[in-house]
Amino acid sequence: MSECEYIEPEVLEKMENIVVFMCNECGQGSANTAGVARMAYNPAIRIVRVQCTGQVGPIQIMDALDNGADAVACVGCCLGACHFFNGNILSMHRIKLMKKLFKELGYSDQFVNQYTSRAAEGETAVGDFEDIVERLATAIREEGTFKDGC
Amino acid sequence: MDVRIFQFNGCNKCFNETILLKGESKYNIEFIQDPQNWKEQKTDISIITGFLLSKNKETLNKIKANSERVIAYGNCATSGGIFALANQKGHDVSPLKNFIEDTININGCLGEIEELKFEIEDNELPKLQNLCIVCERRKTCDYLDELKRQIELEDNETCFNDLGYLCNGFVSKECKERCIDYNAPCRGCKPIIERSGIRMLGMFGTLMGNIEVATEHSEKGATDKLADEDDDITASLPDIVGNFFRFTLPTSGLPKGRIPSNGNLLEDVFTGRLIEELPLISGLLGGDHSISLTLKIIETYEEANNIKVSEKTKNYRNQLLKLENALQKAIQSKDPEQYKKITEEIRKIAGNMNLSNLSYGGFRSQIDENDDFEEYKAHPFEVIEGTYKNGSIEFTIDPIGIVKKIKIKEGYV
């Protein structure tokens, strides 16, 4: 795992809730492995367990953002390893469209993201969390939080 | 029964349609085109048409205080309508329910006069089905390999979505305008569910399953993640706001846009849209100038790019322009019979009052059974970058076909 980038306290303060939808198979599995290994991650991360990231669509993402989330991410199985055929890829399609939509409205496209992880390796989940926080920090530094625009 | 009809900002398509109420002798109708200076009077029913801005709040409160029931008629009043696309650039077009409580909504662009009559008489509205149920096209629901931007008039039997066009029929009610009958995919002006745009976006994301999405290696997670770079997905949908949130941007739950504005609300509606969408949007801007504005946009592009137009097409277009003149006179004299007669003739040529049948190079569907449709059939055209100028209109498009700048000199709003 690479070194954590320094994030200013005033930026960290602005990250109160980061909703991460994790699939019940690889996503939640890797978070469990990370927990067993006592790996630490940012306390703003809130995990929501879903059966498959294919269940998560723009409606759920907008619900989270409208109700106070600073960023939303999905963590699914690795490419080709979805336990429900292709839920992770379909979710990627939708999140890609969400990213484009945010850009069209003049917002950063880093408020939504999708990752994959491996159930046997806890560091993949923790690494994904670090990446989410880092990207959100960059977005906040450049353009402010999502709530600022509402 | 006292009925007062108020026209706020924007096109006056729905306001004009209410002329048809005048034919019914049981209503005592008053048309108010200048609501700011309205002398307060008690009234049974107030009908609000046109889009609303925060500066209208006081007037709306006055109307609410004086009326027993307030009806929002047409999409602009109920959900912001086509003008709310300017919210992408920071304007504050809002639906009526943001200003006053307990309003009755009649969706649609154009709102249906029959529904309005039902509401005025306090009858229950007939239950409307989903558009896909009444649509004659068959769906396969296979994953799409590509999206198409311009309509090709070959297949009349397969669902628009399966052919790769963006049809909002899934989230819409059946309606009178029925763009789908004129080879124009549904634009979703009568949503059947809340936040229809977001739902449609999710559905389309799934439907695009066979189009490749870009992924990249994530350094920290040591696995794959969704890439930020542009890929086939973003290239196939150059204008998501304009396609899925055409009528419902303020009620969609999305935050207000941060794109810098040009200042002019009408020009902000057009900026960022696609060239093939331009006539469809200007057609929606209705009122008594939409036909000339739409034909001006189409002809400007045709002339500059040498798109050949047959005599028959020109003939039909001239007929439309003449009908527009007659329509303006009927509106001025507020003559319901004349208005009905002329709009029926417009519908015969242009399909509906949203001018769905008009397109570059011809028409989208056959107008008269005795005609040879091949003569004036619209064909896909090439998107050519450049600045197009013709008298009162000037627009610049980029290589993908997105309108970067537009100037409309005449006072359409």
# chains A, B, ... in the order shown; residues from 1 in each chain; ligands from 1
>>> residues_around(residues="B:Gln366", least_positions_apart="5", cutoff="12 Å", atoms="only C-alpha atoms", output="short mmCIF file (atom, residue, chain, number, x, y, z; two decimals) with C-alpha atoms, in the first residue's frame")
data_model
loop_
_atom_site.label_atom_id
_atom_site.label_comp_id
_atom_site.auth_asym_id
_atom_site.auth_seq_id
_atom_site.Cartn_x
_atom_site.Cartn_y
_atom_site.Cartn_z
CA LEU B 153 -36.80 6.05 -40.62
CA ASP B 181 -46.34 8.64 -33.88
CA TYR B 182 -44.13 11.05 -35.81
CA ASN B 183 -40.88 9.09 -35.46
CA LYS B 312 -42.81 19.40 -51.59
CA THR B 313 -41.00 20.08 -48.31
CA TYR B 316 -45.40 22.24 -46.64
CA LYS B 348 -51.85 17.73 -39.72
CA ILE B 349 -48.51 18.92 -41.12
CA ALA B 350 -46.26 19.31 -38.07
CA GLY B 351 -47.63 16.29 -36.21
CA ASN B 357 -42.61 16.08 -37.46
CA LEU B 358 -40.16 18.78 -38.54
CA ASP B 371 -48.07 11.80 -51.14
CA ASP B 372 -44.94 9.95 -52.03
CA PHE B 373 -43.16 9.98 -48.67
CA GLU B 374 -39.75 9.43 -50.30
CA GLU B 375 -40.05 12.97 -51.71
CA TYR B 376 -39.82 14.71 -48.35
CA LYS B 377 -38.40 12.07 -46.05
CA ALA B 378 -35.86 13.34 -43.53
#
>>> select_by_dssp(residues="stretch 185-325 of chain B", states="alpha helix (DSSP H)", output="PyMOL selection string")
chain B and resi 196-207+232-236+240-244+265-270+278-284+290-304+311-325
>>> interface_residues(of="chain B", to="chain A", cutoff="10 Å", atoms="only C-alpha atoms", output="PDB file with N, CA, C and O atoms, in the first residue's frame")
ATOM      1  N   ASN B  87     -31.533  26.201 -15.593  1.00  0.00           N
ATOM      2  CA  ASN B  87     -31.020  26.022 -14.223  1.00  0.00           C
ATOM      3  C   ASN B  87     -29.641  25.374 -14.233  1.00  0.00           C
ATOM      4  O   ASN B  87     -28.900  25.484 -13.267  1.00  0.00           O
ATOM      5  N   GLN B  88     -29.324  24.681 -15.305  1.00  0.00           N
ATOM      6  CA  GLN B  88     -27.976  24.116 -15.469  1.00  0.00           C
ATOM      7  C   GLN B  88     -26.940  25.234 -15.404  1.00  0.00           C
ATOM      8  O   GLN B  88     -25.805  25.017 -15.003  1.00  0.00           O
ATOM      9  N   LYS B  89     -27.346  26.424 -15.823  1.00  0.00           N
ATOM     10  CA  LYS B  89     -26.441  27.571 -15.809  1.00  0.00           C
ATOM     11  C   LYS B  89     -26.789  28.536 -14.684  1.00  0.00           C
ATOM     12  O   LYS B  89     -26.582  29.747 -14.795  1.00  0.00           O
ATOM     13  N   GLY B  90     -27.379  28.022 -13.622  1.00  0.00           N
ATOM     14  CA  GLY B  90     -27.564  28.814 -12.413  1.00  0.00           C
ATOM     15  C   GLY B  90     -28.818  29.658 -12.325  1.00  0.00           C
ATOM     16  O   GLY B  90     -28.980  30.409 -11.378  1.00  0.00           O
ATOM     17  N   ARG B 195     -39.142  11.907  -9.980  1.00  0.00           N
ATOM     18  CA  ARG B 195     -37.737  11.885 -10.357  1.00  0.00           C
ATOM     19  C   ARG B 195     -37.514  10.991 -11.585  1.00  0.00           C
ATOM     20  O   ARG B 195     -36.660  10.105 -11.601  1.00  0.00           O
ATOM     21  N   SER B 196     -38.335  11.221 -12.594  1.00  0.00           N
ATOM     22  CA  SER B 196     -38.300  10.357 -13.772  1.00  0.00           C
ATOM     23  C   SER B 196     -36.945  10.400 -14.471  1.00  0.00           C
ATOM     24  O   SER B 196     -36.480   9.379 -14.978  1.00  0.00           O
ATOM     25  N   GLY B 197     -36.305  11.556 -14.484  1.00  0.00           N
ATOM     26  CA  GLY B 197     -35.036  11.690 -15.201  1.00  0.00           C
ATOM     27  C   GLY B 197     -33.964  10.787 -14.633  1.00  0.00           C
ATOM     28  O   GLY B 197     -33.274  10.062 -15.365  1.00  0.00           O
ATOM     29  N   ILE B 198     -33.843  10.783 -13.300  1.00  0.00           N
ATOM     30  CA  ILE B 198     -32.825   9.960 -12.643  1.00  0.00           C
ATOM     31  C   ILE B 198     -33.097   8.481 -12.899  1.00  0.00           C
ATOM     32  O   ILE B 198     -32.193   7.689 -13.147  1.00  0.00           O
ATOM     33  N   ARG B 199     -34.376   8.105 -12.840  1.00  0.00           N
ATOM     34  CA  ARG B 199     -34.716   6.698 -13.071  1.00  0.00           C
ATOM     35  C   ARG B 199     -34.384   6.283 -14.497  1.00  0.00           C
ATOM     36  O   ARG B 199     -33.897   5.201 -14.771  1.00  0.00           O
ATOM     37  N   MET B 200     -34.679   7.199 -15.427  1.00  0.00           N
ATOM     38  CA  MET B 200     -34.400   6.924 -16.840  1.00  0.00           C
ATOM     39  C   MET B 200     -32.894   6.767 -17.057  1.00  0.00           C
ATOM     40  O   MET B 200     -32.441   5.918 -17.822  1.00  0.00           O
ATOM     41  N   LEU B 201     -32.125   7.577 -16.345  1.00  0.00           N
ATOM     42  CA  LEU B 201     -30.668   7.514 -16.446  1.00  0.00           C
ATOM     43  C   LEU B 201     -30.171   6.142 -15.988  1.00  0.00           C
ATOM     44  O   LEU B 201     -29.332   5.520 -16.638  1.00  0.00           O
ATOM     45  N   GLY B 202     -30.728   5.666 -14.878  1.00  0.00           N
ATOM     46  CA  GLY B 202     -30.347   4.361 -14.368  1.00  0.00           C
ATOM     47  C   GLY B 202     -30.718   3.270 -15.346  1.00  0.00           C
ATOM     48  O   GLY B 202     -29.942   2.348 -15.619  1.00  0.00           O
ATOM     49  N   MET B 203     -31.922   3.392 -15.915  1.00  0.00           N
ATOM     50  CA  MET B 203     -32.366   2.376 -16.856  1.00  0.00           C
ATOM     51  C   MET B 203     -31.484   2.353 -18.094  1.00  0.00           C
ATOM     52  O   MET B 203     -31.101   1.291 -18.579  1.00  0.00           O
ATOM     53  N   PHE B 204     -31.116   3.538 -18.551  1.00  0.00           N
ATOM     54  CA  PHE B 204     -30.294   3.584 -19.751  1.00  0.00           C
ATOM     55  C   PHE B 204     -28.887   3.079 -19.500  1.00  0.00           C
ATOM     56  O   PHE B 204     -28.286   2.440 -20.361  1.00  0.00           O
ATOM     57  N   GLY B 205     -28.377   3.358 -18.293  1.00  0.00           N
ATOM     58  CA  GLY B 205     -27.065   2.830 -17.936  1.00  0.00           C
ATOM     59  C   GLY B 205     -27.054   1.318 -18.063  1.00  0.00           C
ATOM     60  O   GLY B 205     -26.117   0.722 -18.594  1.00  0.00           O
ATOM     61  N   THR B 206     -28.121   0.693 -17.594  1.00  0.00           N
ATOM     62  CA  THR B 206     -28.218  -0.761 -17.683  1.00  0.00           C
ATOM     63  C   THR B 206     -28.363  -1.214 -19.129  1.00  0.00           C
ATOM     64  O   THR B 206     -27.710  -2.159 -19.559  1.00  0.00           O
ATOM     65  N   LEU B 207     -29.218  -0.503 -19.856  1.00  0.00           N
ATOM     66  CA  LEU B 207     -29.486  -0.892 -21.244  1.00  0.00           C
ATOM     67  C   LEU B 207     -28.221  -0.806 -22.107  1.00  0.00           C
ATOM     68  O   LEU B 207     -28.072  -1.527 -23.090  1.00  0.00           O
ATOM     69  N   MET B 208     -27.295   0.077 -21.708  1.00  0.00           N
ATOM     70  CA  MET B 208     -26.065   0.246 -22.492  1.00  0.00           C
ATOM     71  C   MET B 208     -25.031  -0.820 -22.155  1.00  0.00           C
ATOM     72  O   MET B 208     -23.835  -0.638 -22.393  1.00  0.00           O
ATOM     73  N   GLY B 209     -25.486  -1.937 -21.599  1.00  0.00           N
ATOM     74  CA  GLY B 209     -24.606  -2.994 -21.107  1.00  0.00           C
ATOM     75  C   GLY B 209     -23.520  -3.471 -22.057  1.00  0.00           C
ATOM     76  O   GLY B 209     -22.446  -3.863 -21.620  1.00  0.00           O
ATOM     77  N   ASN B 210     -23.772  -3.451 -23.359  1.00  0.00           N
ATOM     78  CA  ASN B 210     -22.769  -3.971 -24.298  1.00  0.00           C
ATOM     79  C   ASN B 210     -21.755  -2.920 -24.738  1.00  0.00           C
ATOM     80  O   ASN B 210     -20.829  -3.228 -25.471  1.00  0.00           O
ATOM     81  N   ILE B 211     -21.957  -1.693 -24.343  1.00  0.00           N
ATOM     82  CA  ILE B 211     -21.002  -0.639 -24.699  1.00  0.00           C
ATOM     83  C   ILE B 211     -19.892  -0.646 -23.666  1.00  0.00           C
ATOM     84  O   ILE B 211     -20.156  -0.723 -22.465  1.00  0.00           O
ATOM     85  N   GLU B 212     -18.667  -0.574 -24.145  1.00  0.00           N
ATOM     86  CA  GLU B 212     -17.547  -0.771 -23.230  1.00  0.00           C
ATOM     87  C   GLU B 212     -17.341   0.426 -22.300  1.00  0.00           C
ATOM     88  O   GLU B 212     -17.413   1.572 -22.720  1.00  0.00           O
ATOM     89  N   VAL B 213     -17.087   0.134 -21.038  1.00  0.00           N
ATOM     90  CA  VAL B 213     -16.827   1.187 -20.067  1.00  0.00           C
ATOM     91  C   VAL B 213     -15.339   1.122 -19.711  1.00  0.00           C
ATOM     92  O   VAL B 213     -14.763   0.045 -19.609  1.00  0.00           O
ATOM     93  N   ALA B 214     -14.708   2.309 -19.590  1.00  0.00           N
ATOM     94  CA  ALA B 214     -13.261   2.330 -19.343  1.00  0.00           C
ATOM     95  C   ALA B 214     -12.966   2.071 -17.871  1.00  0.00           C
ATOM     96  O   ALA B 214     -13.610   2.624 -16.985  1.00  0.00           O
ATOM     97  N   THR B 215     -11.997   1.177 -17.612  1.00  0.00           N
ATOM     98  CA  THR B 215     -11.554   0.940 -16.236  1.00  0.00           C
ATOM     99  C   THR B 215     -10.056   1.197 -16.164  1.00  0.00           C
ATOM    100  O   THR B 215      -9.370   1.215 -17.185  1.00  0.00           O
ATOM    101  N   GLU B 216      -9.559   1.414 -14.964  1.00  0.00           N
ATOM    102  CA  GLU B 216      -8.118   1.634 -14.811  1.00  0.00           C
ATOM    103  C   GLU B 216      -7.641   0.928 -13.544  1.00  0.00           C
ATOM    104  O   GLU B 216      -8.443   0.511 -12.708  1.00  0.00           O
ATOM    105  N   HIS B 217      -6.324   0.796 -13.408  1.00  0.00           N
ATOM    106  CA  HIS B 217      -5.779   0.147 -12.228  1.00  0.00           C
ATOM    107  C   HIS B 217      -5.708   1.149 -11.091  1.00  0.00           C
ATOM    108  O   HIS B 217      -5.232   2.261 -11.264  1.00  0.00           O
ATOM    109  N   SER B 218      -6.225   0.780  -9.949  1.00  0.00           N
ATOM    110  CA  SER B 218      -6.165   1.682  -8.801  1.00  0.00           C
ATOM    111  C   SER B 218      -4.907   1.393  -8.002  1.00  0.00           C
ATOM    112  O   SER B 218      -4.684   0.267  -7.564  1.00  0.00           O
ATOM    113  N   GLU B 219      -4.067   2.419  -7.834  1.00  0.00           N
ATOM    114  CA  GLU B 219      -2.773   2.255  -7.147  1.00  0.00           C
ATOM    115  C   GLU B 219      -2.981   1.779  -5.711  1.00  0.00           C
ATOM    116  O   GLU B 219      -2.359   0.831  -5.260  1.00  0.00           O
ATOM    117  N   LYS B 220      -3.885   2.449  -5.030  1.00  0.00           N
ATOM    118  CA  LYS B 220      -4.032   2.182  -3.600  1.00  0.00           C
ATOM    119  C   LYS B 220      -4.720   0.856  -3.323  1.00  0.00           C
ATOM    120  O   LYS B 220      -4.306   0.089  -2.463  1.00  0.00           O
ATOM    121  N   GLY B 221      -5.803   0.597  -4.074  1.00  0.00           N
ATOM    122  CA  GLY B 221      -6.551  -0.626  -3.816  1.00  0.00           C
ATOM    123  C   GLY B 221      -5.919  -1.846  -4.467  1.00  0.00           C
ATOM    124  O   GLY B 221      -6.281  -2.972  -4.150  1.00  0.00           O
ATOM    125  N   ALA B 222      -4.980  -1.635  -5.398  1.00  0.00           N
ATOM    126  CA  ALA B 222      -4.338  -2.711  -6.152  1.00  0.00           C
ATOM    127  C   ALA B 222      -5.344  -3.550  -6.929  1.00  0.00           C
ATOM    128  O   ALA B 222      -5.117  -4.717  -7.192  1.00  0.00           O
ATOM    129  N   THR B 223      -6.507  -2.969  -7.231  1.00  0.00           N
ATOM    130  CA  THR B 223      -7.480  -3.662  -8.092  1.00  0.00           C
ATOM    131  C   THR B 223      -7.956  -2.675  -9.161  1.00  0.00           C
ATOM    132  O   THR B 223      -7.472  -1.551  -9.228  1.00  0.00           O
ATOM    133  N   ASP B 224      -8.936  -3.113  -9.959  1.00  0.00           N
ATOM    134  CA  ASP B 224      -9.457  -2.224 -11.002  1.00  0.00           C
ATOM    135  C   ASP B 224     -10.489  -1.262 -10.420  1.00  0.00           C
ATOM    136  O   ASP B 224     -11.198  -1.592  -9.484  1.00  0.00           O
ATOM    137  N   LYS B 225     -10.552  -0.080 -11.018  1.00  0.00           N
ATOM    138  CA  LYS B 225     -11.622   0.855 -10.657  1.00  0.00           C
ATOM    139  C   LYS B 225     -12.161   1.522 -11.921  1.00  0.00           C
ATOM    140  O   LYS B 225     -11.546   1.427 -12.980  1.00  0.00           O
ATOM    141  N   LEU B 226     -13.302   2.180 -11.755  1.00  0.00           N
ATOM    142  CA  LEU B 226     -13.890   2.904 -12.881  1.00  0.00           C
ATOM    143  C   LEU B 226     -12.981   4.075 -13.248  1.00  0.00           C
ATOM    144  O   LEU B 226     -12.580   4.836 -12.379  1.00  0.00           O
ATOM    145  N   ALA B 227     -12.651   4.200 -14.541  1.00  0.00           N
ATOM    146  CA  ALA B 227     -11.735   5.263 -14.959  1.00  0.00           C
ATOM    147  C   ALA B 227     -12.474   6.593 -15.089  1.00  0.00           C
ATOM    148  O   ALA B 227     -13.682   6.630 -15.293  1.00  0.00           O
ATOM    149  N   ASP B 228     -11.708   7.678 -14.963  1.00  0.00           N
ATOM    150  CA  ASP B 228     -12.311   9.007 -15.112  1.00  0.00           C
ATOM    151  C   ASP B 228     -12.318   9.477 -16.562  1.00  0.00           C
ATOM    152  O   ASP B 228     -13.029  10.402 -16.916  1.00  0.00           O
ATOM    153  N   GLU B 229     -11.472   8.842 -17.375  1.00  0.00           N
ATOM    154  CA  GLU B 229     -11.341   9.331 -18.759  1.00  0.00           C
ATOM    155  C   GLU B 229     -12.635   9.132 -19.554  1.00  0.00           C
ATOM    156  O   GLU B 229     -13.497   8.332 -19.178  1.00  0.00           O
ATOM    157  N   ASP B 230     -12.758   9.876 -20.652  1.00  0.00           N
ATOM    158  CA  ASP B 230     -13.930   9.717 -21.520  1.00  0.00           C
ATOM    159  C   ASP B 230     -13.857   8.377 -22.223  1.00  0.00           C
ATOM    160  O   ASP B 230     -12.788   7.925 -22.617  1.00  0.00           O
ATOM    161  N   ASP B 231     -15.001   7.727 -22.363  1.00  0.00           N
ATOM    162  CA  ASP B 231     -15.027   6.440 -23.072  1.00  0.00           C
ATOM    163  C   ASP B 231     -16.258   6.387 -23.975  1.00  0.00           C
ATOM    164  O   ASP B 231     -16.900   7.411 -24.220  1.00  0.00           O
ATOM    165  N   ILE B 233     -19.098   5.222 -23.417  1.00  0.00           N
ATOM    166  CA  ILE B 233     -20.342   5.554 -22.699  1.00  0.00           C
ATOM    167  C   ILE B 233     -20.588   7.063 -22.742  1.00  0.00           C
ATOM    168  O   ILE B 233     -21.672   7.514 -23.124  1.00  0.00           O
ATOM    169  N   THR B 234     -19.567   7.835 -22.374  1.00  0.00           N
ATOM    170  CA  THR B 234     -19.775   9.285 -22.349  1.00  0.00           C
ATOM    171  C   THR B 234     -19.903   9.841 -23.764  1.00  0.00           C
ATOM    172  O   THR B 234     -20.629  10.802 -23.988  1.00  0.00           O
ATOM    173  N   ALA B 235     -19.216   9.202 -24.714  1.00  0.00           N
ATOM    174  CA  ALA B 235     -19.302   9.691 -26.095  1.00  0.00           C
ATOM    175  C   ALA B 235     -20.687   9.442 -26.681  1.00  0.00           C
ATOM    176  O   ALA B 235     -21.161  10.202 -27.520  1.00  0.00           O
ATOM    177  N   LEU B 237     -23.509   9.597 -25.121  1.00  0.00           N
ATOM    178  CA  LEU B 237     -24.516  10.497 -24.537  1.00  0.00           C
ATOM    179  C   LEU B 237     -23.896  11.864 -24.281  1.00  0.00           C
ATOM    180  O   LEU B 237     -23.537  12.182 -23.157  1.00  0.00           O
ATOM    181  N   PRO B 238     -23.792  12.692 -25.304  1.00  0.00           N
ATOM    182  CA  PRO B 238     -23.096  13.977 -25.110  1.00  0.00           C
ATOM    183  C   PRO B 238     -23.879  14.971 -24.249  1.00  0.00           C
ATOM    184  O   PRO B 238     -23.303  15.875 -23.701  1.00  0.00           O
ATOM    185  N   ASP B 239     -25.191  14.793 -24.145  1.00  0.00           N
ATOM    186  CA  ASP B 239     -25.970  15.785 -23.401  1.00  0.00           C
ATOM    187  C   ASP B 239     -27.005  15.074 -22.517  1.00  0.00           C
ATOM    188  O   ASP B 239     -28.151  14.888 -22.903  1.00  0.00           O
ATOM    189  N   ILE B 240     -26.575  14.661 -21.330  1.00  0.00           N
ATOM    190  CA  ILE B 240     -27.466  13.912 -20.440  1.00  0.00           C
ATOM    191  C   ILE B 240     -28.564  14.812 -19.875  1.00  0.00           C
ATOM    192  O   ILE B 240     -29.728  14.440 -19.847  1.00  0.00           O
ATOM    193  N   VAL B 241     -28.193  16.016 -19.463  1.00  0.00           N
ATOM    194  CA  VAL B 241     -29.184  16.936 -18.875  1.00  0.00           C
ATOM    195  C   VAL B 241     -30.307  17.210 -19.888  1.00  0.00           C
ATOM    196  O   VAL B 241     -31.488  17.152 -19.568  1.00  0.00           O
ATOM    197  N   GLY B 242     -29.915  17.474 -21.120  1.00  0.00           N
ATOM    198  CA  GLY B 242     -30.905  17.810 -22.140  1.00  0.00           C
ATOM    199  C   GLY B 242     -31.770  16.637 -22.542  1.00  0.00           C
ATOM    200  O   GLY B 242     -32.893  16.810 -23.001  1.00  0.00           O
ATOM    201  N   SER B 252     -36.067  17.238 -10.088  1.00  0.00           N
ATOM    202  CA  SER B 252     -35.371  15.953 -10.226  1.00  0.00           C
ATOM    203  C   SER B 252     -34.528  15.600  -9.013  1.00  0.00           C
ATOM    204  O   SER B 252     -34.030  14.493  -8.917  1.00  0.00           O
ATOM    205  N   GLY B 253     -34.352  16.543  -8.085  1.00  0.00           N
ATOM    206  CA  GLY B 253     -33.505  16.268  -6.920  1.00  0.00           C
ATOM    207  C   GLY B 253     -32.043  16.556  -7.188  1.00  0.00           C
ATOM    208  O   GLY B 253     -31.217  16.364  -6.309  1.00  0.00           O
ATOM    209  N   LEU B 254     -31.702  17.013  -8.384  1.00  0.00           N
ATOM    210  CA  LEU B 254     -30.309  17.350  -8.680  1.00  0.00           C
ATOM    211  C   LEU B 254     -30.006  18.751  -8.144  1.00  0.00           C
ATOM    212  O   LEU B 254     -30.895  19.593  -8.061  1.00  0.00           O
ATOM    213  N   PRO B 255     -28.746  18.994  -7.773  1.00  0.00           N
ATOM    214  CA  PRO B 255     -28.407  20.345  -7.309  1.00  0.00           C
ATOM    215  C   PRO B 255     -28.422  21.339  -8.470  1.00  0.00           C
ATOM    216  O   PRO B 255     -28.398  20.956  -9.636  1.00  0.00           O
ATOM    217  N   LYS B 256     -28.455  22.614  -8.109  1.00  0.00           N
ATOM    218  CA  LYS B 256     -28.481  23.675  -9.127  1.00  0.00           C
ATOM    219  C   LYS B 256     -27.153  23.709  -9.887  1.00  0.00           C
ATOM    220  O   LYS B 256     -26.090  23.523  -9.282  1.00  0.00           O
ATOM    221  N   GLY B 257     -27.219  23.934 -11.204  1.00  0.00           N
ATOM    222  CA  GLY B 257     -26.009  23.910 -12.009  1.00  0.00           C
ATOM    223  C   GLY B 257     -25.037  25.023 -11.677  1.00  0.00           C
ATOM    224  O   GLY B 257     -25.435  26.087 -11.218  1.00  0.00           O
ATOM    225  N   ARG B 258     -23.756  24.757 -11.910  1.00  0.00           N
ATOM    226  CA  ARG B 258     -22.732  25.772 -11.644  1.00  0.00           C
ATOM    227  C   ARG B 258     -22.062  26.257 -12.920  1.00  0.00           C
ATOM    228  O   ARG B 258     -21.020  26.897 -12.874  1.00  0.00           O
ATOM    229  N   ILE B 259     -22.612  25.903 -14.081  1.00  0.00           N
ATOM    230  CA  ILE B 259     -22.025  26.328 -15.353  1.00  0.00           C
ATOM    231  C   ILE B 259     -22.250  27.827 -15.505  1.00  0.00           C
ATOM    232  O   ILE B 259     -23.349  28.312 -15.243  1.00  0.00           O
ATOM    233  N   PRO B 260     -21.218  28.582 -15.933  1.00  0.00           N
ATOM    234  CA  PRO B 260     -21.423  30.028 -16.075  1.00  0.00           C
ATOM    235  C   PRO B 260     -22.497  30.363 -17.103  1.00  0.00           C
ATOM    236  O   PRO B 260     -22.599  29.713 -18.147  1.00  0.00           O
ATOM    237  N   GLY B 272     -25.459  24.067 -24.983  1.00  0.00           N
ATOM    238  CA  GLY B 272     -25.171  22.743 -24.438  1.00  0.00           C
ATOM    239  C   GLY B 272     -26.031  21.653 -25.036  1.00  0.00           C
ATOM    240  O   GLY B 272     -25.798  20.477 -24.803  1.00  0.00           O
TER     241      GLY B 272
END
>>> select_by_dssp(residues="chain A", states="strand (DSSP E)", output="PyMOL selection string")
chain A and resi 18-23+45-50+71-76+112-116
>>> residues_around(residues="B:Cys135", least_positions_apart="2", cutoff="12 Å", atoms="only C-alpha atoms", output="list of chain:residue names")
B:Gln129, B:Asn130, B:Leu131, B:Cys132, B:Ile133, B:Arg137, B:Arg138, B:Lys139, B:Asn156, B:Glu157, B:Thr158, B:Cys159, B:Phe160, B:Cys167, B:Gly169, B:Phe170, B:Ser172, B:Lys173, B:Glu174, B:Cys175, B:Arg178, B:Cys179, B:Ile180, B:Asp181, B:Asn183, B:Pro185, B:Cys186
>>> residues_around(residues="B:Glu382", least_positions_apart="3", cutoff="12 Å", atoms="only C-alpha atoms", output="mmCIF file with C-alpha atoms, in the first residue's frame")
data_model
loop_
_atom_site.group_PDB
_atom_site.id
_atom_site.type_symbol
_atom_site.label_atom_id
_atom_site.label_comp_id
_atom_site.auth_asym_id
_atom_site.auth_seq_id
_atom_site.Cartn_x
_atom_site.Cartn_y
_atom_site.Cartn_z
ATOM 1 C CA ARG B 149 -28.361 10.222 -32.214
ATOM 2 C CA GLN B 150 -30.235 10.819 -35.431
ATOM 3 C CA ILE B 275 -27.789 20.176 -33.085
ATOM 4 C CA GLU B 276 -30.386 17.493 -33.885
ATOM 5 C CA TYR B 301 -28.240 24.742 -41.083
ATOM 6 C CA GLU B 302 -29.536 23.299 -44.356
ATOM 7 C CA ALA B 304 -24.915 26.359 -44.951
ATOM 8 C CA ASN B 305 -24.330 22.627 -45.410
ATOM 9 C CA ASN B 306 -26.062 22.159 -48.768
ATOM 10 C CA ILE B 307 -28.706 19.794 -47.473
ATOM 11 C CA TYR B 360 -33.501 18.702 -41.194
ATOM 12 C CA GLY B 361 -34.004 17.875 -44.851
ATOM 13 C CA HIS B 379 -32.448 11.689 -43.743
ATOM 14 C CA GLU B 385 -18.595 22.253 -36.889
ATOM 15 C CA PRO B 399 -17.330 18.956 -33.745
ATOM 16 C CA ILE B 400 -19.616 16.680 -31.694
ATOM 17 C CA GLY B 401 -22.625 18.847 -32.491
#
>>> atom_distance(atom1="atom CA of B:Glu115", atom2="atom CA of B:Asp102")
17.8 Å
>>> decode(residues="stretch 130-134 of chain A", atoms="N, CA, C and O atoms", output="PDB file, in the first residue's frame")
ATOM      1  N   GLU A 130      -9.082   4.778   1.089  1.00  0.00           N
ATOM      2  CA  GLU A 130      -8.093   5.863   1.058  1.00  0.00           C
ATOM      3  C   GLU A 130      -8.202   6.661  -0.234  1.00  0.00           C
ATOM      4  O   GLU A 130      -8.112   7.880  -0.243  1.00  0.00           O
ATOM      5  N   ASP A 131      -8.398   5.917  -1.328  1.00  0.00           N
ATOM      6  CA  ASP A 131      -8.510   6.573  -2.640  1.00  0.00           C
ATOM      7  C   ASP A 131      -9.743   7.473  -2.683  1.00  0.00           C
ATOM      8  O   ASP A 131      -9.689   8.591  -3.198  1.00  0.00           O
ATOM      9  N   ILE A 132     -10.857   6.988  -2.128  1.00  0.00           N
ATOM     10  CA  ILE A 132     -12.099   7.776  -2.107  1.00  0.00           C
ATOM     11  C   ILE A 132     -11.849   9.086  -1.363  1.00  0.00           C
ATOM     12  O   ILE A 132     -12.162  10.174  -1.851  1.00  0.00           O
ATOM     13  N   VAL A 133     -11.234   8.984  -0.176  1.00  0.00           N
ATOM     14  CA  VAL A 133     -10.994  10.159   0.662  1.00  0.00           C
ATOM     15  C   VAL A 133     -10.071  11.145  -0.047  1.00  0.00           C
ATOM     16  O   VAL A 133     -10.318  12.350  -0.067  1.00  0.00           O
ATOM     17  N   GLU A 134      -9.029  10.606  -0.678  1.00  0.00           N
ATOM     18  CA  GLU A 134      -8.068  11.471  -1.356  1.00  0.00           C
ATOM     19  C   GLU A 134      -8.712  12.231  -2.520  1.00  0.00           C
ATOM     20  O   GLU A 134      -8.513  13.429  -2.690  1.00  0.00           O
TER      21      GLU A 134
END
